[in-house]
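Shown next: start10.cif, containing mmCIF, C-alpha atoms and all ligand atoms.
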```cif
data_query
loop_
_atom_site.label_atom_id
_atom_site.label_comp_id
_atom_site.auth_asym_id
_atom_site.auth_seq_id
_atom_site.Cartn_x
_atom_site.Cartn_y
_atom_site.Cartn_z
CA MET W 961 22.86 30.08 -19.41
CA SER W 962 25.63 29.93 -22.00
CA LYS W 963 25.86 31.58 -25.37
CA ILE W 964 25.39 29.67 -28.62
CA ALA W 965 26.10 30.69 -32.19
CA VAL W 966 24.18 29.14 -35.08
CA THR W 967 26.43 29.34 -38.13
CA ASN W 968 26.31 28.38 -41.81
CA ILE W 969 22.56 29.06 -42.15
CA GLY W 970 21.35 28.85 -45.78
CA GLN W 971 18.50 31.30 -45.14
CA LEU W 972 17.42 32.81 -41.82
CA VAL W 973 13.83 34.08 -41.57
CA THR W 974 13.57 36.62 -38.74
CA LEU W 975 10.29 38.55 -39.31
CA THR W 976 12.08 41.49 -37.68
CA PRO W 977 10.15 44.18 -39.64
CA LEU W 978 6.83 42.94 -38.24
CA ALA W 979 8.20 42.57 -34.71
CA ASP W 980 9.77 46.04 -34.78
CA GLU W 981 6.52 47.66 -35.87
CA LYS W 982 4.19 45.22 -34.02
CA ARG W 983 2.38 45.04 -37.34
CA LEU W 984 -0.09 42.27 -38.26
CA THR W 985 -1.40 43.49 -41.63
CA ASN W 986 -0.10 44.52 -45.09
CA ILE W 987 2.46 41.75 -44.98
CA SER W 988 4.90 41.55 -47.89
CA ARG W 989 8.09 39.59 -48.71
CA GLU W 990 10.31 42.27 -47.14
CA ASP W 991 8.55 41.68 -43.83
CA LEU W 992 9.97 38.16 -43.68
CA GLY W 993 13.31 39.72 -42.77
CA CYS W 994 15.22 36.99 -44.64
CA ILE W 995 19.01 36.89 -44.38
CA ASP W 996 20.91 34.61 -46.77
CA SER W 997 24.17 32.90 -45.68
CA ALA W 998 23.44 33.88 -42.12
CA TRP W 999 24.52 33.44 -38.52
CA MET W 1000 22.58 34.04 -35.31
CA THR W 1001 23.72 34.23 -31.70
CA ILE W 1002 21.71 33.29 -28.64
CA SER W 1003 22.26 34.36 -25.07
CA ALA W 1004 20.29 33.18 -22.04
CA GLY W 1005 17.65 31.59 -24.27
CA LYS W 1006 17.02 34.73 -26.30
CA VAL W 1007 18.16 35.88 -29.72
CA GLU W 1008 21.08 38.27 -29.30
CA ALA W 1009 22.10 39.17 -32.85
CA SER W 1010 22.13 37.94 -36.45
CA GLY W 1011 23.82 38.86 -39.69
CA THR W 1012 25.18 37.63 -42.98
CA GLY W 1013 28.55 36.06 -43.83
CA GLU W 1014 31.13 34.80 -41.34
CA LEU W 1015 30.40 34.87 -37.61
CA PRO W 1016 31.96 38.13 -36.31
CA SER W 1017 35.23 37.61 -34.46
CA GLN W 1018 33.79 38.82 -31.15
CA TYR W 1019 31.81 35.54 -30.99
CA LYS W 1020 34.74 33.25 -31.79
CA GLY W 1021 35.23 30.52 -29.22
CA ILE W 1022 31.57 30.22 -28.11
CA GLU W 1023 29.65 26.98 -28.59
CA THR W 1024 28.48 26.73 -32.22
CA TYR W 1025 25.82 24.78 -34.02
CA ASP W 1026 26.49 24.31 -37.76
CA ALA W 1027 23.17 24.62 -39.65
CA GLN W 1028 24.77 23.11 -42.77
CA GLN W 1029 23.15 25.56 -45.18
CA ASN W 1030 19.64 24.66 -44.01
CA LEU W 1031 16.70 27.00 -43.49
CA VAL W 1032 16.27 28.48 -40.00
CA THR W 1033 12.88 29.95 -39.00
CA PRO W 1034 10.99 30.85 -35.83
CA GLY W 1035 9.20 27.89 -34.24
CA PHE W 1036 5.65 27.51 -35.53
CA ILE W 1037 2.75 28.64 -33.34
CA ASP W 1038 -0.55 26.77 -33.44
CA CYS W 1039 -3.15 29.18 -32.06
CA HIS W 1040 -6.17 26.82 -32.19
CA THR W 1041 -6.05 23.16 -31.08
CA HIS W 1042 -8.25 20.66 -29.22
CA PRO W 1043 -5.65 18.13 -28.00
CA VAL W 1044 -7.31 16.72 -24.82
CA PHE W 1045 -9.57 13.84 -25.75
CA ALA W 1046 -9.99 10.09 -25.79
CA GLY W 1047 -11.59 7.82 -28.40
CA ASN W 1048 -11.28 7.48 -32.13
CA ARG W 1049 -13.54 8.90 -34.85
CA SER W 1050 -11.84 7.59 -37.96
CA GLN W 1051 -15.13 5.86 -38.84
CA GLU W 1052 -16.70 9.33 -39.21
CA PHE W 1053 -14.00 10.27 -41.71
CA CYS W 1054 -15.03 7.27 -43.81
CA GLN W 1055 -18.74 8.10 -43.39
CA ARG W 1056 -17.98 11.52 -44.90
CA LEU W 1057 -16.24 9.80 -47.82
CA ASP W 1058 -19.48 7.87 -48.30
CA GLY W 1059 -21.43 11.14 -48.50
CA SER W 1060 -22.50 12.08 -44.96
CA THR W 1061 -21.76 15.60 -43.76
CA TYR W 1062 -20.16 16.63 -40.44
CA GLN W 1063 -23.54 17.99 -39.28
CA GLU W 1064 -25.47 14.82 -40.22
CA ILE W 1065 -23.00 12.66 -38.29
CA ALA W 1066 -23.26 14.98 -35.27
CA GLU W 1067 -27.07 14.85 -35.37
CA LYS W 1068 -26.91 11.04 -35.09
CA GLY W 1069 -24.89 11.24 -31.84
CA GLY W 1070 -21.43 11.28 -33.41
CA GLY W 1071 -19.13 14.29 -33.52
CA ILE W 1072 -18.32 16.22 -30.35
CA LYS W 1073 -20.74 14.08 -28.30
CA PHE W 1074 -18.98 10.86 -29.33
CA THR W 1075 -15.62 12.21 -28.20
CA ARG W 1076 -17.18 13.54 -25.03
CA ARG W 1077 -18.45 10.08 -24.04
CA ALA W 1078 -15.00 8.54 -24.51
CA THR W 1079 -13.30 11.46 -22.73
CA LEU W 1080 -15.60 11.23 -19.70
CA GLU W 1081 -14.70 7.56 -19.34
CA ALA W 1082 -10.94 8.24 -19.35
CA SER W 1083 -9.04 8.87 -16.10
CA LYS W 1084 -6.99 12.02 -15.67
CA GLU W 1085 -3.78 9.96 -15.87
CA ARG W 1086 -4.86 8.43 -19.17
CA LEU W 1087 -5.82 11.84 -20.57
CA ILE W 1088 -2.39 13.17 -19.59
CA LYS W 1089 -0.72 10.29 -21.47
CA LEU W 1090 -2.95 10.77 -24.52
CA THR W 1091 -2.43 14.54 -24.58
CA GLU W 1092 1.34 14.14 -24.22
CA SER W 1093 1.33 11.95 -27.30
CA GLN W 1094 -0.50 14.69 -29.24
CA ILE W 1095 2.00 17.31 -28.03
CA ASP W 1096 4.90 15.11 -29.19
CA LYS W 1097 3.43 15.11 -32.70
CA PHE W 1098 3.22 18.92 -32.68
CA LEU W 1099 6.82 19.27 -31.48
CA LYS W 1100 8.14 16.88 -34.11
CA CYS W 1101 6.61 19.07 -36.82
CA GLY W 1102 8.20 22.21 -35.38
CA THR W 1103 5.30 23.62 -33.38
CA THR W 1104 6.88 25.25 -30.33
CA ALA W 1105 3.81 27.04 -28.88
CA ILE W 1106 0.13 26.13 -28.88
CA GLU W 1107 -3.24 27.27 -27.70
CA ALA W 1108 -5.14 24.27 -26.29
CA LYS W 1109 -8.84 24.07 -25.56
CA SER W 1110 -10.93 21.98 -23.19
CA GLY W 1111 -14.47 21.29 -24.45
CA TYR W 1112 -14.93 17.52 -24.38
CA GLY W 1113 -16.03 17.38 -20.73
CA LEU W 1114 -19.02 19.73 -20.67
CA THR W 1115 -19.76 19.37 -16.97
CA VAL W 1116 -18.24 21.64 -14.35
CA ASP W 1117 -16.07 18.87 -12.90
CA SER W 1118 -14.99 17.32 -16.17
CA GLU W 1119 -14.10 20.64 -17.80
CA ILE W 1120 -11.94 21.36 -14.74
CA LYS W 1121 -10.36 17.92 -15.14
CA LEU W 1122 -9.44 18.69 -18.77
CA LEU W 1123 -8.01 22.08 -17.81
CA GLU W 1124 -5.98 20.40 -15.06
CA VAL W 1125 -4.60 17.98 -17.65
CA LEU W 1126 -3.42 20.99 -19.65
CA ALA W 1127 -1.93 22.63 -16.54
CA HIS W 1128 0.01 19.40 -15.92
CA ILE W 1129 1.29 19.28 -19.51
CA LYS W 1130 2.34 22.93 -19.22
CA GLN W 1131 4.59 22.00 -16.29
CA LEU W 1132 5.94 18.92 -17.98
CA SER W 1133 6.49 19.71 -21.64
CA PRO W 1134 8.95 22.08 -23.31
CA ILE W 1135 6.13 23.36 -25.54
CA HIS W 1136 4.74 26.82 -24.67
CA LEU W 1137 1.07 26.26 -23.89
CA GLU W 1138 -1.82 28.72 -23.44
CA THR W 1139 -5.18 27.40 -22.29
CA THR W 1140 -8.79 28.11 -23.31
CA CYS W 1141 -11.95 26.93 -21.57
CA LEU W 1142 -14.28 25.90 -24.42
CA ALA W 1143 -17.30 25.50 -22.16
CA LEU W 1144 -19.96 26.10 -24.84
CA HIS W 1145 -18.89 23.45 -27.35
CA ALA W 1146 -22.12 21.40 -27.55
CA VAL W 1147 -25.13 20.80 -25.31
CA PRO W 1148 -24.80 17.44 -23.50
CA ASP W 1149 -27.75 15.03 -23.90
CA GLU W 1150 -28.51 14.94 -20.17
CA PHE W 1151 -29.57 18.61 -20.29
CA THR W 1152 -33.13 18.91 -21.49
CA SER W 1153 -32.80 22.68 -21.25
CA LYS W 1154 -29.99 24.31 -23.21
CA GLN W 1155 -30.42 27.41 -21.06
CA GLN W 1156 -29.77 25.40 -17.92
CA PHE W 1157 -26.50 24.12 -19.38
CA ILE W 1158 -25.38 27.62 -20.39
CA THR W 1159 -26.22 28.96 -16.93
CA GLU W 1160 -24.26 26.15 -15.26
CA MET W 1161 -21.18 26.80 -17.39
CA THR W 1162 -21.49 30.57 -16.93
CA ASP W 1163 -22.27 30.82 -13.23
CA LYS W 1164 -20.54 27.74 -11.86
CA LEU W 1165 -17.62 26.85 -14.13
CA LEU W 1166 -16.26 30.28 -15.14
CA PRO W 1167 -15.74 31.63 -11.59
CA ILE W 1168 -13.72 28.51 -10.68
CA VAL W 1169 -11.67 28.74 -13.89
CA ALA W 1170 -10.91 32.40 -13.18
CA LYS W 1171 -10.15 31.88 -9.49
CA ARG W 1172 -7.79 28.96 -10.14
CA LYS W 1173 -6.32 30.61 -13.25
CA LEU W 1174 -7.03 27.46 -15.23
CA ALA W 1175 -7.45 29.30 -18.54
CA LYS W 1176 -6.63 32.63 -20.10
CA TRP W 1177 -9.63 32.65 -22.45
CA VAL W 1178 -13.12 31.25 -22.91
CA ASP W 1179 -14.55 30.00 -26.18
CA ALA W 1180 -17.96 29.07 -27.62
CA PHE W 1181 -19.15 27.37 -30.81
CA LEU W 1182 -21.42 29.92 -32.49
CA GLU W 1183 -23.32 27.85 -35.03
CA LYS W 1184 -26.76 26.65 -36.05
CA GLY W 1185 -27.62 23.64 -33.87
CA TYR W 1186 -25.01 24.63 -31.27
CA PHE W 1187 -25.11 28.14 -29.72
CA SER W 1188 -26.65 31.36 -31.06
CA LYS W 1189 -25.49 34.92 -30.65
CA VAL W 1190 -28.20 35.65 -28.07
CA GLU W 1191 -27.33 32.51 -26.11
CA VAL W 1192 -23.59 33.20 -25.84
CA ILE W 1193 -23.78 36.89 -24.86
CA PRO W 1194 -24.35 36.37 -21.08
CA PHE W 1195 -21.47 33.84 -21.08
CA LEU W 1196 -19.15 36.33 -22.77
CA ARG W 1197 -20.21 39.11 -20.38
CA LYS W 1198 -19.46 36.93 -17.38
CA ALA W 1199 -16.06 36.02 -18.81
CA LYS W 1200 -15.24 39.70 -19.19
CA GLN W 1201 -16.28 40.44 -15.58
CA LEU W 1202 -13.94 37.69 -14.45
CA ASN W 1203 -11.05 39.04 -16.54
CA LEU W 1204 -11.04 36.06 -18.87
CA GLY W 1205 -10.32 36.83 -22.52
CA ILE W 1206 -12.58 35.74 -25.39
CA ARG W 1207 -11.99 33.63 -28.50
CA LEU W 1208 -14.85 32.27 -30.57
CA HIS W 1209 -15.63 29.58 -33.15
CA ILE W 1210 -17.69 31.55 -35.68
CA ASP W 1211 -19.56 31.11 -38.95
CA GLU W 1212 -18.13 27.69 -39.84
CA PHE W 1213 -21.18 26.35 -41.69
CA THR W 1214 -23.47 29.40 -41.77
CA ASP W 1215 -23.13 33.16 -41.20
CA GLN W 1216 -24.16 33.69 -37.58
CA GLU W 1217 -22.96 37.31 -37.50
CA GLY W 1218 -19.95 36.01 -35.63
CA GLY W 1219 -17.62 38.78 -36.81
CA THR W 1220 -19.71 41.56 -35.27
CA LEU W 1221 -20.29 39.53 -32.10
CA ALA W 1222 -16.54 38.86 -31.68
CA ALA W 1223 -15.68 42.50 -32.34
CA SER W 1224 -18.33 43.94 -30.03
CA HIS W 1225 -17.13 41.74 -27.15
CA GLY W 1226 -13.45 42.51 -27.67
CA ALA W 1227 -12.53 38.95 -28.65
CA ILE W 1228 -8.81 38.51 -29.29
CA THR W 1229 -9.63 36.12 -32.15
CA ALA W 1230 -12.55 34.82 -34.17
CA ASP W 1231 -11.81 31.43 -35.66
CA HIS W 1232 -13.03 29.44 -38.71
CA CYS W 1233 -14.82 32.40 -40.43
CA GLU W 1234 -15.70 30.40 -43.56
CA HIS W 1235 -19.01 32.28 -43.89
CA THR W 1236 -18.23 35.58 -42.17
CA SER W 1237 -19.73 38.59 -43.99
CA VAL W 1238 -17.74 41.63 -45.09
CA GLU W 1239 -19.63 43.59 -42.46
CA GLY W 1240 -18.32 41.18 -39.81
CA ILE W 1241 -14.79 41.39 -41.22
CA LEU W 1242 -14.87 45.20 -41.13
CA ALA W 1243 -16.04 45.12 -37.52
CA MET W 1244 -13.17 42.78 -36.62
CA ALA W 1245 -10.65 44.96 -38.46
CA LYS W 1246 -11.82 47.96 -36.46
CA THR W 1247 -11.33 46.32 -33.07
CA GLY W 1248 -8.16 44.44 -34.05
CA THR W 1249 -9.81 41.03 -33.62
CA ILE W 1250 -7.58 38.51 -35.41
CA SER W 1251 -9.19 36.03 -37.79
CA VAL W 1252 -7.84 32.51 -37.34
CA LEU W 1253 -8.45 30.58 -40.55
CA LEU W 1254 -8.45 26.79 -40.40
CA PRO W 1255 -7.90 25.39 -43.90
CA GLY W 1256 -7.17 21.88 -42.58
CA THR W 1257 -10.77 21.67 -41.34
CA SER W 1258 -12.17 22.83 -44.67
CA LEU W 1259 -10.18 20.16 -46.49
CA TYR W 1260 -10.95 17.46 -43.94
CA THR W 1261 -14.71 18.04 -43.74
CA LYS W 1262 -15.19 19.17 -47.34
CA ILE W 1263 -16.58 22.64 -46.52
CA PRO W 1264 -15.63 25.90 -48.30
CA PHE W 1265 -12.32 27.61 -47.50
CA ALA W 1266 -12.45 31.12 -46.00
CA ASN W 1267 -11.44 33.76 -48.55
CA ALA W 1268 -8.39 35.33 -46.89
CA LYS W 1269 -8.32 38.18 -49.42
CA LEU W 1270 -11.55 39.56 -47.93
CA PHE W 1271 -9.73 39.79 -44.61
CA THR W 1272 -6.33 41.08 -45.76
CA GLU W 1273 -7.82 43.68 -48.12
CA ASN W 1274 -9.95 45.01 -45.27
CA ASN W 1275 -6.98 45.14 -42.86
CA CYS W 1276 -8.16 42.32 -40.65
CA PRO W 1277 -5.12 40.31 -39.45
CA VAL W 1278 -5.04 36.65 -40.54
CA ALA W 1279 -3.52 33.79 -38.56
CA LEU W 1280 -3.64 30.14 -39.60
CA ALA W 1281 -4.00 27.21 -37.22
CA SER W 1282 -4.52 23.47 -37.38
CA ASP W 1283 -7.77 23.13 -35.33
CA TYR W 1284 -6.31 19.71 -34.48
CA ASN W 1285 -9.13 17.60 -32.98
CA PRO W 1286 -10.41 14.02 -33.26
CA GLY W 1287 -13.20 14.73 -35.75
CA SER W 1288 -13.08 17.74 -38.01
CA CYS W 1289 -9.33 17.96 -38.59
CA ARG W 1290 -6.54 15.54 -37.83
CA PHE W 1291 -3.81 17.54 -39.59
CA TYR W 1292 -1.25 18.93 -37.15
CA ASN W 1293 1.74 19.82 -39.35
CA LEU W 1294 1.64 23.62 -39.62
CA GLY W 1295 3.93 23.46 -42.65
CA PHE W 1296 1.14 21.66 -44.46
CA ILE W 1297 -1.45 24.10 -43.06
CA ALA W 1298 0.58 27.08 -44.35
CA THR W 1299 0.65 25.61 -47.85
CA LEU W 1300 -3.09 24.93 -47.68
CA GLY W 1301 -3.62 28.52 -46.53
CA ALA W 1302 -1.65 29.73 -49.53
CA LEU W 1303 -3.35 27.43 -52.05
CA HIS W 1304 -6.91 27.47 -50.78
CA ASN W 1305 -7.40 30.58 -48.61
CA GLY W 1306 -5.39 32.63 -51.07
CA LEU W 1307 -2.55 33.90 -48.88
CA SER W 1308 0.84 34.91 -50.30
CA MET W 1309 4.00 33.16 -49.09
CA ALA W 1310 4.80 35.99 -46.67
CA GLU W 1311 1.22 36.13 -45.35
CA ALA W 1312 1.03 32.36 -44.91
CA PHE W 1313 4.35 32.21 -43.06
CA ALA W 1314 3.52 35.17 -40.79
CA ALA W 1315 0.14 33.51 -40.16
CA ILE W 1316 1.80 30.54 -38.40
CA THR W 1317 4.44 32.62 -36.60
CA TYR W 1318 4.18 36.32 -35.74
CA VAL W 1319 0.42 36.82 -36.29
CA ALA W 1320 -0.27 33.51 -34.52
CA ALA W 1321 1.82 34.78 -31.59
CA ALA W 1322 -0.34 37.91 -31.51
CA ALA W 1323 -3.41 35.66 -31.50
CA LEU W 1324 -2.04 34.32 -28.19
CA ASP W 1325 -0.85 37.73 -26.97
CA ILE W 1326 2.75 36.49 -26.80
CA HIS W 1327 4.10 38.50 -29.75
CA HIS W 1328 6.36 40.55 -27.50
CA LYS W 1329 8.53 37.44 -27.06
CA LYS W 1330 7.55 34.76 -29.61
CA GLY W 1331 6.87 34.48 -33.34
CA SER W 1332 9.99 36.30 -34.56
CA LEU W 1333 13.77 35.90 -34.32
CA ALA W 1334 14.40 39.61 -33.79
CA PRO W 1335 16.96 40.41 -31.06
CA GLY W 1336 15.44 39.93 -27.59
CA PHE W 1337 12.87 37.36 -28.73
CA ASP W 1338 12.83 33.83 -27.28
CA ALA W 1339 15.20 31.61 -29.25
CA ASP W 1340 12.44 29.23 -30.39
CA PHE W 1341 13.65 28.13 -33.80
CA LEU W 1342 13.72 25.30 -36.30
CA VAL W 1343 16.41 23.95 -38.58
CA LEU W 1344 14.46 22.80 -41.62
CA PRO W 1345 15.96 20.66 -44.40
CA TYR W 1346 15.21 23.18 -47.16
CA PRO W 1347 17.45 25.78 -48.86
CA ASN W 1348 14.94 28.61 -48.41
CA LEU W 1349 11.36 29.49 -47.48
CA SER W 1350 9.92 29.16 -51.00
CA ASP W 1351 11.21 25.61 -51.18
CA TRP W 1352 9.65 24.85 -47.78
CA LEU W 1353 6.25 26.26 -48.81
CA ALA W 1354 6.32 24.48 -52.18
CA ASP W 1355 6.98 21.19 -50.36
CA ALA W 1356 4.11 21.70 -47.87
CA GLY W 1357 6.47 21.10 -44.95
CA GLN W 1358 6.57 17.37 -45.64
CA GLN W 1359 10.15 17.13 -44.37
CA LEU W 1360 10.24 17.49 -40.61
CA PRO W 1361 12.67 19.84 -38.86
CA LYS W 1362 16.16 18.44 -38.29
CA GLU W 1363 16.26 20.27 -34.95
CA VAL W 1364 13.78 22.11 -32.76
CA PHE W 1365 15.05 24.67 -30.23
CA ILE W 1366 12.89 26.23 -27.53
CA GLU W 1367 14.38 29.10 -25.53
CA GLY W 1368 17.78 28.16 -26.88
CA LYS W 1369 17.56 24.49 -25.87
CA ASN W 1370 17.57 21.71 -28.43
CA ILE W 1371 14.51 19.69 -27.47
CA TYR W 1372 14.32 17.23 -30.30
CA LEU W 1373 17.38 15.56 -31.74
CA ARG W 1374 16.79 13.10 -34.55
O1 LIG N 1 -13.27 23.55 -34.29
N1 LIG N 1 -16.31 23.46 -34.56
C1 LIG N 1 -16.31 23.01 -33.40
N2 LIG N 1 -15.37 22.31 -32.79
C2 LIG N 1 -14.29 21.65 -33.44
C3 LIG N 1 -14.68 20.27 -33.87
C4 LIG N 1 -14.73 19.39 -32.74
C5 LIG N 1 -15.06 17.97 -33.08
O2 LIG N 1 -15.61 17.65 -34.16
O3 LIG N 1 -14.75 17.15 -32.21
C6 LIG N 1 -13.78 22.48 -34.58
O4 LIG N 1 -13.84 22.10 -35.75
FE FE N 2 -11.87 24.29 -33.24
#
```

For this file, produce the structure as structure tokens.
Ligand code: NIG
Ligand code: FE
Amino acid sequence: MSKIAVTNIGQLVTLTPLADEKRLTNISREDLGCIDSAWMTISAGKVEASGTGELPSQYKGIETYDAQQNLVTPGFIDCHTHPVFAGNRSQEFCQRLDGSTYQEIAEKGGGIKFTRRATLEASKERLIKLTESQIDKFLKCGTTAIEAKSGYGLTVDSEIKLLEVLAHIKQLSPIHLETTCLALHAVPDEFTSKQQFITEMTDKLLPIVAKRKLAKWVDAFLEKGYFSKVEVIPFLRKAKQLNLGIRLHIDEFTDQEGGTLAASHGAITADHCEHTSVEGILAMAKTGTISVLLPGTSLYTKIPFANAKLFTENNCPVALASDYNPGSCRFYNLGFIATLGALHNGLSMAEAFAAITYVAAAALDIHHKKGSLAPGFDADFLVLPYPNLSDWLADAGQQLPKEVFIEGKNIYLR
């Protein structure tokens, strides 16, 4: 693969200090590794070098891309999404405007169960088409890597179908995709016994997922009315036996002691965390479990925002993600999510930016190659129509990237 030089960059954000130290906490402005009036060279899809001023003469003559004084950053990484589904729940959004809560709508058969019904009716081909259209939206906003969950099938066969849809997209799309089997998302109506459903997912589904390498992680919704700590433990133990990693939806509406559960089972992340106690946060900090805060969901469903300060001050790493799904959050622009994380979770600019790049890469265990533009990292980068990062954050990422590069290839030319 040929070499490319990106020249005339207004500001280049590399995050090299974090990548060099593999550090996820105590993030300050210096850690952004910003270079003004910069250049960057790429070789075989990876960052080779960067610097300030004119492109050094040794690179003269190679193919160049003129960034026209724009901002260049690593591609954004969305470490929590639910993109495989059919059906439309915009009516639920309006019901919430009229005063219903997410939980009340779910109790009346809406919510996850509504999407599940529509998803079960859709063919695999249709789900591939629908998921591709979601992925296109992510790419247009500069998201170059995602974590994607199943969870709207909730039978052995249909969960496998959803995971196969994701495997297909992984082959087809330039986006970097990591898959999670969200088997314990809700209890389907046809199961009179919740225990029977959990056993089926644990003993039948997980071994197939592991054998066919259909997912890297499992996930469960730890919440009142969904799954309790005691109920998810055998599922998590089985996942561990099968060498599947663990991520969890915790403490979204109520404190379910999700932080300590996630930490004691070696979860790579615990997500939502709106009601996680300090005790839970300390347990997560100790085991290095990353908190994935989802401010889009708080805004969309009118629930409290997680207090990021409680996490950062206790040395628990913080990532931000969209939680993109048909019901509780339809925001997918991570630029907007970063600004929400700054305004409502209380992150600084540097923390919010690292939360959608380097820390998000760590939340997917890909931070040895993605989430930074340090030399040797994949050349996944964006050319954003802003003079610098403060201007981007202040604008909530409303202007889409002019170009999106993944592994050195321009994948989206507008
Ligand atoms: O992360 N909290 C559980 N699951 C999703 C919502 C799924 C849905 O409403 O369809 C979430 O918010
Ligand atoms: Fe979610």

Protein and nucleic acid residues within 6 Å of ligand LIG 1 (chain N) (all atoms listed in the file) as a ChimeraX atom specification: /W:1071-1072,1181,1283,1285-1288

To one decimal in Å, tell me the separation between CA of Glu1217 (chain W) and CA of Ser1237 (chain W).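 Answer for the CA of Glu1217 (chain W) to CA of Ser1237 (chain W) separation: 7.4 Å.
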
Among W:Val1238, W:Leu1208, W:Ala1322, W:Val973, Phe1271 (chain W) is approached most closely, using all atoms listed in the file, by W:Val1238

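Put simply, CA of Lys1121 (chain W) is 22.8 Å away from CA of Tyr1186 (chain W).
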
Given all atoms listed in the file, how would the per-residue table for chain W near ligand FE 2 (chain N) read, listing every residue at most 9 Å away with its closest atom pair and distance in Å to one decimal, sorted by chain and number, as a Markdown table?
```
| residue | atom | partner | partner_atom | distance |
| --- | --- | --- | --- | --- |
| W:His1040 | CA | N:FE2 | FE | 6.3 |
| W:Thr1041 | CA | N:FE2 | FE | 6.3 |
| W:His1042 | CA | N:FE2 | FE | 6.5 |
| W:Lys1109 | CA | N:FE2 | FE | 8.3 |
| W:Phe1181 | CA | N:FE2 | FE | 8.3 |
| W:Leu1208 | CA | N:FE2 | FE | 8.9 |
| W:His1209 | CA | N:FE2 | FE | 6.5 |
| W:Asp1231 | CA | N:FE2 | FE | 7.5 |
| W:His1232 | CA | N:FE2 | FE | 7.6 |
| W:Leu1254 | CA | N:FE2 | FE | 8.3 |
| W:Thr1257 | CA | N:FE2 | FE | 8.6 |
| W:Ser1282 | CA | N:FE2 | FE | 8.5 |
| W:Asp1283 | CA | N:FE2 | FE | 4.7 |
| W:Tyr1284 | CA | N:FE2 | FE | 7.3 |
| W:Asn1285 | CA | N:FE2 | FE | 7.2 |
| W:Ser1288 | CA | N:FE2 | FE | 8.2 |
| W:Cys1289 | CA | N:FE2 | FE | 8.7 |
```

Shell around Ala1105 (chain W) at 6 Å using all atoms listed in the file, local window under 3 positions removed, as a list in words: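 Here the answer would be Ile1037, Ile1135, His1136 and Leu1137 of chain W.
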
Any chance you can output those residues with C-alpha atoms as a PDB file, keeping the file's coordinate frame?
```pdb
ATOM      1  CA  ILE W1037       2.750  28.640 -33.340  1.00  0.00           C
ATOM      2  CA  ILE W1135       6.130  23.360 -25.540  1.00  0.00           C
ATOM      3  CA  HIS W1136       4.740  26.820 -24.670  1.00  0.00           C
ATOM      4  CA  LEU W1137       1.070  26.260 -23.890  1.00  0.00           C
TER       5      LEU W1137
END
```

Could you tell me which of W:Asn1203, W:Asn1293, W:Ser1350, W:Thr1272 comes closest to Lys1171 (chain W) if we count all atoms listed in the file?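 The shortest atom-to-atom distance to Lys1171 (chain W) comes from W:Asn1203.
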
Using all atoms listed in the file, pick whichever of W:Gln1131, W:Gln1155, W:Asn1348, W:Thr1162 has the shortest atom-to-atom distance to Val1116 (chain W).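 Residue with the minimum atom-to-atom distance to Val1116 (chain W): W:Thr1162.
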
Quick one, how far is CA of Thr1103 (chain W) from CA of Ser1332 (chain W)?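 About the pair CA of Thr1103 (chain W) and CA of Ser1332 (chain W): they are 13.6 Å apart.
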
In the coordinate frame of the file, compute which residues have an atom within 10 Å of (-20.3, 32.5, -19.8) when using only C-alpha atoms, and state them as a list in words.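 Every polymer residue passing the test: Ala1143, Leu1144, Ile1158, Thr1159, Glu1160, Met1161, Thr1162, Asp1163, Lys1164, Leu1165, Leu1166, Pro1167, Val1178, Asp1179, Ala1180, Glu1191, Val1192, Ile1193, Pro1194, Phe1195, Leu1196, Arg1197, Lys1198, Ala1199, Lys1200, Gln1201, Leu1202 and Leu1204 of chain W.
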
Nearest to Gly1069 (chain W) by atom-to-atom distance, counting all atoms listed in the file, from W:Asp1149, W:Leu1031, W:Ile1002, W:Leu1132: W:Asp1149

Env of Trp1352 (chain W): 12 Å cut, atoms = only C-alpha atoms, seq-sep filter 3 positions within chain, self excluded. Answer as a PyMOL selection string. chain W and resi 971+973+1030-1033+1294-1296+1298-1299+1309+1312-1313+1343-1349+1355-1361

Identify which of the residues W:Leu1090, W:Ile1228, W:Leu1080, W:Ala1146 lies closest to Ser1118 (chain W), counting all atoms listed in the file when measuring atom-to-atom distances.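 Smallest separation from Ser1118 (chain W) among the options: W:Leu1080.
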
Using all atoms listed in the file, determine which residues lie at most 6 Å from region 1303-1307 of chain W, disregarding the query and same-chain residues fewer than 2 positions distant; provide the list as a count of residues only. 8

Considering only C-alpha atoms, return as number ranges by chain whatever protein or nucleic-acid residues lie within 9 Å of Gly1070 (chain W), sequence-local ones (same chain, fewer than 6 positions apart) excluded. W: 1049, 1052, 1062, 1064

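For the set W:Gln1063, W:Val1125, W:Ser1110, W:Cys1054, the residue with the smallest atom-to-atom gap to Thr1091 (chain W) is W:Val1125, counting all atoms listed in the file.
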
When you look at Lys1262 (chain W) with a cut-off of 12 Å (counting all atoms listed in the file), what residues show up, excluding the ones that are within fewer than 4 positions of it in the same chain? I need them as a ChimeraX atom specification. /W:1053,1056-1057,1059-1063,1212-1213,1234,1255-1258,1288-1289
